[in-house]
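Trainee: Coordinates in start26.cif, mmCIF, C-alpha atoms, are listed below.
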data_entry
loop_
_atom_site.label_atom_id
_atom_site.label_comp_id
_atom_site.auth_asym_id
_atom_site.auth_seq_id
_atom_site.Cartn_x
_atom_site.Cartn_y
_atom_site.Cartn_z
CA MET F 1 113.41 90.80 116.60
CA MET F 2 112.19 90.51 120.19
CA ALA F 3 109.65 88.16 121.72
CA VAL F 4 106.75 88.88 124.04
CA GLY F 5 105.12 85.90 125.64
CA GLY F 6 106.57 83.65 122.95
CA THR F 7 105.24 85.85 120.14
CA PRO F 8 107.75 87.67 117.91
CA VAL F 9 107.58 91.42 118.29
CA LEU F 10 108.59 93.60 115.38
CA PRO F 11 110.46 96.72 116.57
CA ARG F 12 109.11 99.95 115.19
CA ALA F 13 112.42 100.58 113.47
CA GLY F 14 112.00 97.24 111.76
CA ILE F 15 108.53 98.19 110.62
CA VAL F 16 109.90 101.37 109.10
CA ALA F 17 112.70 99.49 107.41
CA MET F 18 110.36 96.89 105.94
CA VAL F 19 107.83 99.41 104.68
CA SER F 20 110.36 101.93 103.39
CA GLY F 21 112.39 99.18 101.80
CA SER F 22 109.41 97.76 99.97
CA VAL F 23 108.17 101.03 98.55
CA SER F 24 111.38 102.96 98.04
CA SER F 25 111.57 102.10 94.36
CA SER F 26 108.18 103.69 93.74
CA VAL F 27 108.76 106.73 95.94
CA VAL F 28 112.34 107.84 95.41
CA ARG F 29 114.72 108.25 92.51
CA MET F 30 118.46 108.74 92.17
CA ASP F 31 119.88 112.06 90.99
CA GLY F 32 123.32 112.71 89.55
CA SER F 33 124.96 112.62 92.98
CA GLY F 34 123.56 109.22 93.77
CA VAL F 35 121.37 110.53 96.58
CA ALA F 36 117.84 109.17 96.76
CA LYS F 37 115.22 111.89 96.48
CA PRO F 38 111.49 111.40 96.89
CA ARG F 39 109.32 112.15 93.87
CA PHE F 40 107.53 115.27 95.00
CA CYS F 41 108.07 118.82 93.85
CA GLU F 42 110.07 121.18 96.00
CA SER F 43 107.63 123.90 96.98
CA GLY F 44 104.12 123.46 98.25
CA CYS F 45 103.45 119.79 97.69
CA ALA F 46 104.93 118.58 100.97
CA LYS F 47 101.78 119.98 102.48
CA CYS F 48 99.62 118.95 99.57
CA ALA F 49 100.70 115.45 98.66
CA PRO F 50 97.48 114.67 96.76
CA VAL F 51 98.30 117.41 94.29
CA SER F 52 101.65 115.76 93.58
CA LEU F 53 99.75 112.89 91.97
CA ALA F 54 99.76 115.05 88.86
CA LEU F 55 103.51 114.50 88.54
CA ARG F 56 104.71 112.37 85.67
CA SER F 57 105.47 108.80 86.62
CA ASP F 58 109.14 109.08 85.64
CA GLY F 59 109.66 111.74 88.30
CA SER F 60 111.21 114.16 85.83
CA SER F 61 108.62 116.92 85.87
CA SER F 62 107.64 119.46 88.46
CA CYS F 63 104.23 119.95 89.97
CA GLN F 64 101.78 121.57 87.57
CA ARG F 65 100.27 123.83 90.22
CA SER F 66 101.18 127.49 89.69
CA GLU F 67 101.92 127.87 93.40
CA CYS F 68 104.70 125.29 93.24
CA SER F 69 108.27 125.76 92.17
CA SER F 70 109.42 124.45 88.81
CA SER F 71 112.80 123.37 90.20
CA SER F 72 113.94 119.78 90.33
CA LEU F 73 112.34 117.36 92.74
CA SER F 74 113.97 117.48 96.13
CA ALA F 75 113.42 118.36 99.73
CA CYS F 76 109.66 118.49 100.09
CA GLY F 77 109.40 114.80 99.40
CA SER F 78 111.80 114.21 102.25
CA ALA F 79 109.38 116.00 104.52
CA MET F 80 106.56 113.79 103.31
CA PHE F 81 108.59 110.60 103.74
CA SER F 82 109.85 111.69 107.15
CA ASN F 83 106.25 112.22 108.16
CA PHE F 84 105.50 108.70 106.97
CA VAL F 85 108.32 107.30 109.15
CA ALA F 86 107.21 109.42 112.10
CA ARG F 87 103.66 108.09 111.83
CA VAL F 88 104.91 104.53 112.07
CA GLY F 89 107.61 105.06 114.66
CA GLY F 90 105.89 107.52 116.98
CA ARG F 91 103.78 106.72 120.04
CA LYS F 92 100.15 107.30 119.13
CA SER F 93 96.78 106.42 120.57
CA ARG F 94 94.95 103.33 119.35
CA GLY F 95 94.21 103.74 115.66
CA GLY F 96 96.70 106.56 115.07
CA VAL F 97 99.45 104.45 113.53
CA ALA F 98 97.10 102.50 111.29
CA LYS F 99 95.38 105.65 110.13
CA GLY F 100 98.73 107.26 109.32
CA LEU F 101 99.83 104.19 107.42
CA GLU F 102 96.58 104.08 105.52
CA ALA F 103 96.87 107.71 104.45
CA ASN F 104 100.43 107.28 103.23
CA VAL F 105 99.70 103.97 101.55
CA ALA F 106 96.90 105.71 99.64
CA ILE F 107 99.35 108.37 98.44
CA LEU F 108 101.95 105.80 97.46
CA MET F 109 99.40 103.66 95.69
CA GLY F 110 98.01 106.68 93.86
CA GLU F 111 101.39 107.67 92.38
CA ARG F 112 101.82 104.62 90.19
CA GLY F 113 102.17 106.11 86.73
CA SER F 114 99.70 106.38 83.91
CA GLY F 115 98.94 102.65 83.73
CA ASN F 116 97.94 99.85 86.08
CA ASN F 117 101.22 98.33 87.31
CA TRP F 118 99.65 95.42 89.13
CA THR F 119 102.98 93.69 89.79
CA ARG F 120 104.51 96.57 91.66
CA ASP F 121 101.28 97.46 93.42
CA SER F 122 100.81 93.90 94.58
CA GLN F 123 104.38 93.72 95.89
CA VAL F 124 103.88 96.87 97.94
CA LEU F 125 100.54 95.67 99.30
CA ASP F 126 101.97 92.23 100.13
CA SER F 127 104.85 93.83 102.05
CA LEU F 128 102.48 96.04 103.98
CA ARG F 129 100.16 93.16 104.78
CA ASN F 130 103.14 91.21 106.16
CA VAL F 131 103.86 94.13 108.46
CA ILE F 132 100.20 94.27 109.46
CA HIS F 133 100.23 90.56 110.32
CA GLN F 134 103.21 91.03 112.63
CA LEU F 135 101.58 94.03 114.25
CA GLU F 136 98.46 91.97 114.90
CA SER F 137 100.53 89.28 116.61
CA GLN F 138 102.35 91.89 118.66
CA ASN F 139 99.10 93.53 119.75
CA SER F 140 97.63 90.19 120.76
CA ALA F 141 100.64 89.28 122.85
CA LEU F 142 100.83 92.67 124.53
CA SER F 143 97.12 92.58 125.34
CA GLN F 144 97.51 89.18 127.03
CA LEU F 145 100.39 90.47 129.14
CA ARG F 146 98.53 93.62 130.16
CA GLY F 147 95.33 91.85 131.07
CA PRO F 148 91.78 92.91 130.20
CA SER F 149 91.78 96.04 132.37
CA ALA F 150 95.14 97.44 131.32
CA PRO F 151 95.37 100.44 128.95
CA ALA F 152 96.21 99.72 125.34
CA ALA F 153 97.65 103.04 124.31
CA ASP F 154 100.24 101.59 121.94
CA ASP F 155 98.01 99.05 120.25
CA VAL F 156 97.46 99.57 116.57
CA ASP F 157 93.93 99.59 115.20
CA LEU F 158 94.19 97.81 111.86
CA ASN F 159 90.56 98.10 110.82
CA GLY F 160 91.44 100.92 108.45
CA PHE F 161 93.31 98.49 106.22
CA ASP F 162 90.05 96.88 105.19
CA GLU F 163 89.86 99.70 102.64
CA LEU F 164 93.16 98.76 100.96
CA PRO F 165 92.38 97.75 97.39
CA SER F 166 93.14 94.26 96.18
CA ARG F 167 93.09 92.70 92.75
CA GLY F 168 90.02 90.64 93.59
CA GLN F 169 87.87 93.55 94.67
CA GLU F 170 86.66 95.55 91.69
CA ASP F 171 84.41 98.58 91.62
CA LEU F 172 82.64 98.14 88.29
CA LEU F 173 81.37 101.73 88.14
CA TRP F 174 84.85 103.07 88.81
CA LEU F 175 86.37 100.78 86.18
CA ARG F 176 83.83 102.09 83.68
CA MET F 177 84.79 105.66 84.56
CA ILE F 178 88.49 104.83 84.12
CA GLU F 179 87.76 103.52 80.64
CA GLU F 180 85.73 106.63 79.79
CA ALA F 181 88.60 108.86 80.95
CA ARG F 182 91.11 106.94 78.82
CA TRP F 183 88.85 107.19 75.80
CA ASP F 184 88.36 110.93 76.26
CA SER F 185 92.10 111.43 76.78
CA ASN F 186 92.83 109.79 73.45
CA LYS F 187 90.02 111.59 71.69
CA GLU F 188 90.82 115.03 73.14
CA PRO F 189 94.54 115.35 74.01
CA ALA F 190 93.98 118.84 75.43
CA LEU F 191 92.14 117.18 78.34
CA ALA F 192 94.68 114.41 78.92
CA SER F 193 96.51 116.11 81.80
CA TYR F 194 93.23 117.17 83.43
CA LEU F 195 91.75 113.68 83.19
CA TYR F 196 94.93 112.10 84.48
CA SER F 197 95.15 114.30 87.57
CA THR F 198 91.45 114.06 88.43
CA ILE F 199 90.64 110.45 87.50
CA LEU F 200 93.35 108.23 86.05
CA SER F 201 95.91 108.83 88.82
CA HIS F 202 93.51 107.64 91.54
CA ARG F 203 92.71 104.11 92.63
CA THR F 204 89.19 104.71 93.91
CA LEU F 205 86.15 106.80 93.08
CA GLU F 206 86.19 108.29 96.58
CA ARG F 207 89.77 109.51 96.18
CA SER F 208 89.08 111.01 92.77
CA LEU F 209 85.94 112.78 94.00
CA ALA F 210 87.72 114.12 97.09
CA PHE F 211 90.58 115.44 94.94
CA HIS F 212 88.29 117.09 92.39
CA LEU F 213 85.82 118.50 94.92
CA GLY F 214 88.64 119.73 97.15
CA ASN F 215 90.11 121.69 94.27
CA LYS F 216 86.70 123.11 93.35
CA LEU F 217 85.93 124.33 96.87
CA SER F 218 89.39 125.51 97.84
CA SER F 219 90.28 129.13 98.41
CA SER F 220 93.38 131.10 99.36
CA THR F 221 92.71 130.35 103.03
CA LEU F 222 90.98 126.95 102.76
CA LEU F 223 93.58 124.77 101.07
CA SER F 224 92.69 122.03 98.62
CA THR F 225 94.81 119.54 100.56
CA GLN F 226 92.96 120.24 103.78
CA LEU F 227 89.70 119.65 101.97
CA PHE F 228 91.04 116.55 100.24
CA ASN F 229 91.93 114.90 103.53
CA LEU F 230 88.63 115.91 105.12
CA LEU F 231 86.53 114.71 102.18
CA HIS F 232 88.41 111.47 101.61
CA ASP F 233 88.44 110.53 105.30
CA THR F 234 84.70 111.18 105.53
CA PHE F 235 83.96 109.10 102.43
CA MET F 236 86.02 106.17 103.66
CA GLU F 237 84.57 106.27 107.17
CA ASP F 238 80.92 106.21 106.05
CA ALA F 239 79.67 103.32 103.91
CA ASP F 240 76.28 105.00 103.48
CA ILE F 241 77.90 108.01 101.84
CA ARG F 242 79.91 105.75 99.52
CA ARG F 243 76.74 103.97 98.42
CA ALA F 244 74.89 107.28 97.97
CA ILE F 245 77.67 108.64 95.76
CA ARG F 246 77.26 105.74 93.36
CA ASP F 247 73.47 105.90 93.47
CA ASP F 248 73.62 109.61 92.65
CA ILE F 249 75.95 109.07 89.68
CA GLU F 250 73.70 106.34 88.32
CA ALA F 251 70.65 108.58 88.80
CA VAL F 252 72.19 111.44 86.84
CA LYS F 253 73.33 109.17 84.02
CA GLU F 254 69.95 107.45 83.78
CA ARG F 255 67.60 110.43 84.09
CA ASP F 256 69.43 113.30 82.41
CA PRO F 257 69.77 112.98 78.63
CA ALA F 258 72.41 115.72 78.71
CA CYS F 259 74.75 113.51 80.75
CA VAL F 260 76.88 111.77 78.13
CA SER F 261 79.05 109.70 80.49
CA TYR F 262 79.69 108.89 84.13
CA ILE F 263 82.83 111.03 84.24
CA HIS F 264 80.79 113.90 82.77
CA CYS F 265 78.67 113.73 85.92
CA LEU F 266 81.67 113.49 88.25
CA LEU F 267 83.62 116.33 86.67
CA ASN F 268 81.01 118.77 85.39
CA PHE F 269 77.64 118.40 87.14
CA LYS F 270 77.58 120.93 89.95
CA GLY F 271 74.32 119.51 91.27
CA PHE F 272 76.07 116.19 91.90
CA LEU F 273 79.16 117.85 93.38
CA SER F 274 77.18 120.13 95.68
CA CYS F 275 75.14 117.17 96.91
CA GLN F 276 78.28 115.20 97.83
CA ALA F 277 79.74 118.21 99.61
CA GLN F 278 76.51 118.52 101.60
CA ARG F 279 76.76 114.85 102.62
CA VAL F 280 80.16 115.56 104.14
CA ALA F 281 78.91 118.74 105.80
CA HIS F 282 75.89 116.86 107.18
CA ARG F 283 78.13 114.25 108.80
CA LEU F 284 80.27 116.99 110.32
CA TRP F 285 77.13 118.71 111.60
CA ASN F 286 75.96 115.53 113.29
CA GLN F 287 79.39 115.20 114.91
CA GLY F 288 79.01 118.66 116.45
CA ARG F 289 81.56 120.26 114.10
CA HIS F 290 79.17 123.02 113.13
CA SER F 291 81.71 125.69 112.20
CA LEU F 292 83.44 123.49 109.65
CA ALA F 293 80.12 122.24 108.26
CA LEU F 294 78.91 125.81 107.78
CA ALA F 295 82.21 126.78 106.14
CA ILE F 296 81.70 124.03 103.57
CA GLN F 297 78.10 125.19 103.00
CA SER F 298 79.37 128.72 102.39
CA ARG F 299 81.98 127.57 99.85
CA VAL F 300 79.42 125.40 98.02
CA SER F 301 77.09 128.40 97.82
CA GLU F 302 79.84 130.64 96.46
CA VAL F 303 81.22 128.15 93.94
CA PHE F 304 78.08 126.33 92.74
CA GLN F 305 75.27 128.79 93.62
CA VAL F 306 73.61 125.99 95.59
CA ASP F 307 72.69 126.65 99.23
CA ILE F 308 71.85 123.54 101.27
CA HIS F 309 71.99 123.71 105.05
CA PRO F 310 74.29 121.04 106.58
CA ALA F 311 71.49 119.83 108.87
CA ALA F 312 69.17 119.01 105.96
CA ARG F 313 68.73 115.28 105.32
CA ILE F 314 69.13 113.97 101.78
CA GLY F 315 68.51 110.43 100.56
CA SER F 316 70.32 108.55 97.80
CA GLY F 317 69.74 108.43 94.06
CA VAL F 318 69.13 112.18 94.04
CA LEU F 319 69.32 114.35 90.92
CA PHE F 320 69.81 118.09 91.24
CA ASP F 321 69.44 119.03 87.57
CA HIS F 322 71.29 122.26 86.68
CA ALA F 323 71.01 123.08 90.41
CA THR F 324 71.64 126.84 90.11
CA GLY F 325 69.62 128.73 92.71
CA LEU F 326 68.62 125.65 94.71
CA VAL F 327 67.91 126.50 98.37
CA VAL F 328 67.21 123.84 101.02
CA GLY F 329 66.50 124.84 104.62
CA GLU F 330 67.82 123.45 107.88
CA THR F 331 64.98 121.07 108.80
CA ALA F 332 64.12 119.98 105.26
CA VAL F 333 64.14 116.30 104.33
CA ILE F 334 64.63 114.94 100.80
CA GLY F 335 63.86 111.26 100.21
CA ASN F 336 65.40 108.70 97.87
CA ASN F 337 65.22 108.92 94.06
CA VAL F 338 64.10 112.55 94.10
CA SER F 339 64.69 114.85 91.13
CA ILE F 340 64.83 118.61 91.65
CA LEU F 341 65.44 121.21 88.95
CA HIS F 342 67.02 124.64 89.22
CA HIS F 343 65.79 127.61 91.27
CA VAL F 344 63.76 125.45 93.66
CA THR F 345 63.30 126.62 97.24
CA LEU F 346 62.48 124.35 100.16
CA GLY F 347 62.04 127.06 102.76
CA GLY F 348 60.18 128.20 105.81
CA THR F 349 57.30 130.65 106.08
CA GLY F 350 59.10 132.79 108.62
CA ALA F 351 56.22 132.46 111.06
CA VAL F 352 57.68 129.78 113.35
CA GLY F 353 60.98 128.34 114.47
CA GLY F 354 61.95 124.73 115.06
CA ASP F 355 60.86 122.19 112.44
CA ARG F 356 59.78 124.59 109.72
CA HIS F 357 60.78 123.20 106.31
CA PRO F 358 59.20 120.78 103.79
CA LYS F 359 59.48 117.00 103.84
CA ILE F 360 59.90 115.55 100.35
CA GLY F 361 58.95 111.88 99.92
CA ASP F 362 60.66 109.27 97.76
CA GLY F 363 60.42 109.55 93.98
CA VAL F 364 59.17 113.16 93.90
CA LEU F 365 59.81 115.46 90.92
CA ILE F 366 59.98 119.21 91.59
CA GLY F 367 59.94 121.44 88.51
CA ALA F 368 62.12 124.47 87.88
CA GLY F 369 61.38 127.57 89.94
CA ALA F 370 58.97 125.85 92.34
CA THR F 371 58.74 127.18 95.89
CA ILE F 372 57.63 124.90 98.72
CA LEU F 373 57.24 126.61 102.07
CA GLY F 374 56.60 125.48 105.62
CA ASN F 375 56.58 122.17 107.46
CA ILE F 376 54.42 120.43 104.88
CA SER F 377 54.61 116.99 103.29
CA ILE F 378 55.05 116.20 99.61
CA GLY F 379 53.95 112.57 99.30
CA ALA F 380 55.98 109.83 97.62
CA GLY F 381 55.79 109.87 93.84
CA ALA F 382 54.20 113.33 93.64
CA LYS F 383 54.95 115.96 91.01
CA ILE F 384 55.26 119.70 91.57
CA GLY F 385 54.84 121.83 88.46
CA ALA F 386 57.40 124.44 87.41
CA GLY F 387 56.90 127.83 89.05
CA SER F 388 54.36 126.55 91.57
CA ILE F 389 54.12 127.93 95.09
CA VAL F 390 53.12 125.12 97.42
CA LEU F 391 51.75 125.88 100.89
CA ILE F 392 49.71 122.71 101.52
CA ASP F 393 50.37 119.00 101.83
CA VAL F 394 50.45 117.15 98.51
CA PRO F 395 49.18 113.52 98.60
CA PRO F 396 51.33 110.72 97.16
CA HIS F 397 51.28 110.19 93.37
CA THR F 398 49.44 113.44 92.63
CA THR F 399 50.35 116.61 90.75
CA ALA F 400 50.26 120.13 92.18
CA VAL F 401 50.57 123.22 89.98
CA GLY F 402 49.89 126.94 90.12
CA ASN F 403 50.17 129.90 92.47
CA PRO F 404 48.97 128.97 94.97
CA ALA F 405 49.34 125.33 93.99
CA ARG F 406 46.23 123.19 93.49
CA LEU F 407 45.89 119.48 92.86
CA ILE F 408 45.18 118.31 89.33
CA GLY F 409 41.75 116.65 89.39
CA GLY F 410 40.62 118.50 92.49
CA LYS F 411 41.20 118.13 96.20
CA GLN F 412 38.55 115.44 96.68
CA LYS F 413 39.61 113.10 93.85
CA PRO F 414 43.01 114.17 92.56
CA ALA F 415 44.37 112.43 89.46
CA LYS F 416 46.81 109.66 90.32
CA LEU F 417 50.13 109.24 88.54
CA SER F 418 50.86 105.77 87.20
CA GLU F 419 54.67 106.14 87.31
CA THR F 420 57.18 107.56 89.74
CA PRO F 421 58.10 110.95 88.25
CA GLY F 422 61.30 111.39 90.23
CA LYS F 423 62.78 108.33 88.54
CA ILE F 424 61.82 109.40 85.05
CA VAL F 425 62.49 113.11 84.34
CA GLY F 426 64.14 113.14 80.88
CA ARG F 427 64.97 109.43 80.97
CA LYS F 428 66.79 108.23 77.87
#
What does the file become when written as structure tokens?
Mentor:
Amino acid sequence: MMAVGGTPVLPRAGIVAMVSGSVSSSVVRMDGSGVAKPRFCESGCAKCAPVSLALRSDGSSSCQRSECSSSSLSACGSAMFSNFVARVGGRKSRGGVAKGLEANVAILMGERGSGNNWTRDSQVLDSLRNVIHQLESQNSALSQLRGPSAPAADDVDLNGFDELPSRGQEDLLWLRMIEEARWDSNKEPALASYLYSTILSHRTLERSLAFHLGNKLSSSTLLSTQLFNLLHDTFMEDADIRRAIRDDIEAVKERDPACVSYIHCLLNFKGFLSCQAQRVAHRLWNQGRHSLALAIQSRVSEVFQVDIHPAARIGSGVLFDHATGLVVGETAVIGNNVSILHHVTLGGTGAVGGDRHPKIGDGVLIGAGATILGNISIGAGAKIGAGSIVLIDVPPHTTAVGNPARLIGGKQKPAKLSETPGKIVGRK
């Protein structure tokens, strides 16, 4: 232990020793030769650590992915753990070390067995928080020595650790989904492995959704682990997306009588899944990462038959019911608490460029097969009848039906709706 300006400085080797010492019992096991071996399967999962969460907690099974070897657990875990050490010990820009720690902590926390082992989890978290405290002291001392204008290349940004779970911070929706998954596992043993790998092995809703959606959208050249990291990082970096995910799940459960549980929405509703993928693509688009955003759009279109441009803006509490054949153009806007059924098109007329797609207000309901074209406005709380073709503005709280669409009650005094249709749909 060294000292800088009177403040103890923890050497990087010491950090590695403390962290690896505190988590080794939950990451490695002893084989017949007495050599510690990390609990990951040999082939494939070094690059796809999230997939290894499907391993049994006793470390005796191999990865269930067909791409992975069925041999005993061995070297690939060493690669993962070496990467963990390298992240802590290497020289990185501000935020690099903390981000690496956070990613590996999430993996370690996720592989905790089929139950909630709060004692072990708490011990690991406490050890890591002790390391974080020493890093904070070290950063403070080094910053004072450097002065305000000196570079801080080796400082560690610890803001990422705000997302570490603690026993006092509960996500009630996620806890409900955990209970639903346990119930379904007991009721239908054939789904037990599937529910464990997609829900029960994860500590947060965001991690579970990223894992499931990454597997859904993956291809032979776009790996599920690449997508997992991209999706999870985006979820955890954007609080608005995290809130929208929960609002969307609640909207589906409340408005769709066919949705029997929250996990039914998460696992099986492609309208919900395609919407969350678009939220990630939209953030990438706004960051200038257009190629990646368009690649996600393409995969969503192929897998779910839902085509939403990454630049389109979508509010929260949105229900895409059935969703097959839904098309949303580049400059379209969808407000909060909107419900849209299948085969709906929010498109352009083809006559102009620029801002050329519809703007859908809050609480709107759009029936199946409706087509809304051009830069027109659908007012808040309006209803568009199934099969309608809308080419004109629709005032708030009115109903438009037909081809071409006309207002119920006439253009001069259209009939006003007393409720918000987008929040009702088939409400239970």
Trainee: Report, in Å to a single decimal, how far apart atom CA of F:Pro257 and atom CA of F:Phe211 are.
Mentor: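 Distance reported for this atom pair: 26.6 Å.
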Trainee: For a test of reading the model, state the distance in Å between atom CA of F:Arg313 and atom CA of F:Gln278, rounded to one decimal.
Mentor: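 According to the coordinates, atom CA of F:Arg313 and atom CA of F:Gln278 are separated by 9.2 Å.
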Trainee: Hey, what comes out of the PyMOL selection byres ((chain F and resi 294-297) around 10) on this file? Could you write it as a compact mmCIF listing (two decimals) with C-alpha atoms, keeping the file's coordinate frame?
Mentor:
# COMPACT_ATOMS: atom_id res chain seq x y z
CA LEU F 217 85.93 124.33 96.87
CA SER F 218 89.39 125.51 97.84
CA LEU F 222 90.98 126.95 102.76
CA LEU F 227 89.70 119.65 101.97
CA SER F 274 77.18 120.13 95.68
CA ALA F 277 79.74 118.21 99.61
CA GLN F 278 76.51 118.52 101.60
CA VAL F 280 80.16 115.56 104.14
CA ALA F 281 78.91 118.74 105.80
CA HIS F 282 75.89 116.86 107.18
CA LEU F 284 80.27 116.99 110.32
CA TRP F 285 77.13 118.71 111.60
CA ARG F 289 81.56 120.26 114.10
CA HIS F 290 79.17 123.02 113.13
CA SER F 291 81.71 125.69 112.20
CA LEU F 292 83.44 123.49 109.65
CA ALA F 293 80.12 122.24 108.26
CA SER F 298 79.37 128.72 102.39
CA ARG F 299 81.98 127.57 99.85
CA VAL F 300 79.42 125.40 98.02
CA SER F 301 77.09 128.40 97.82
CA GLU F 302 79.84 130.64 96.46
CA VAL F 306 73.61 125.99 95.59
CA ASP F 307 72.69 126.65 99.23
CA ILE F 308 71.85 123.54 101.27
CA HIS F 309 71.99 123.71 105.05
CA PRO F 310 74.29 121.04 106.58
CA ALA F 311 71.49 119.83 108.87
Trainee: When distances are computed from all atoms listed in the file, which of F:Asp238, F:Asp321, F:Asp247, F:Glu254 shows the smallest separation from F:Phe269?
Mentor: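 Once distances to F:Phe269 are computed over all atoms listed in the file, the minimum belongs to F:Asp321.
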Trainee: Using all atoms listed in the file, can you tell me which of F:His322, F:Gly317, F:Leu391, F:Gly329 comes closest to F:Asp362?
Mentor: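 Checking each of F:His322, F:Gly317, F:Leu391, F:Gly329 against F:Asp362, counting all atoms listed in the file, the winner is F:Gly317.
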Trainee: One decimal, in Å: what's the spacing between atom CA of F:Thr398 and atom CA of F:Leu373?
Mentor: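 According to the coordinates, atom CA of F:Thr398 and atom CA of F:Leu373 are separated by 18.0 Å.
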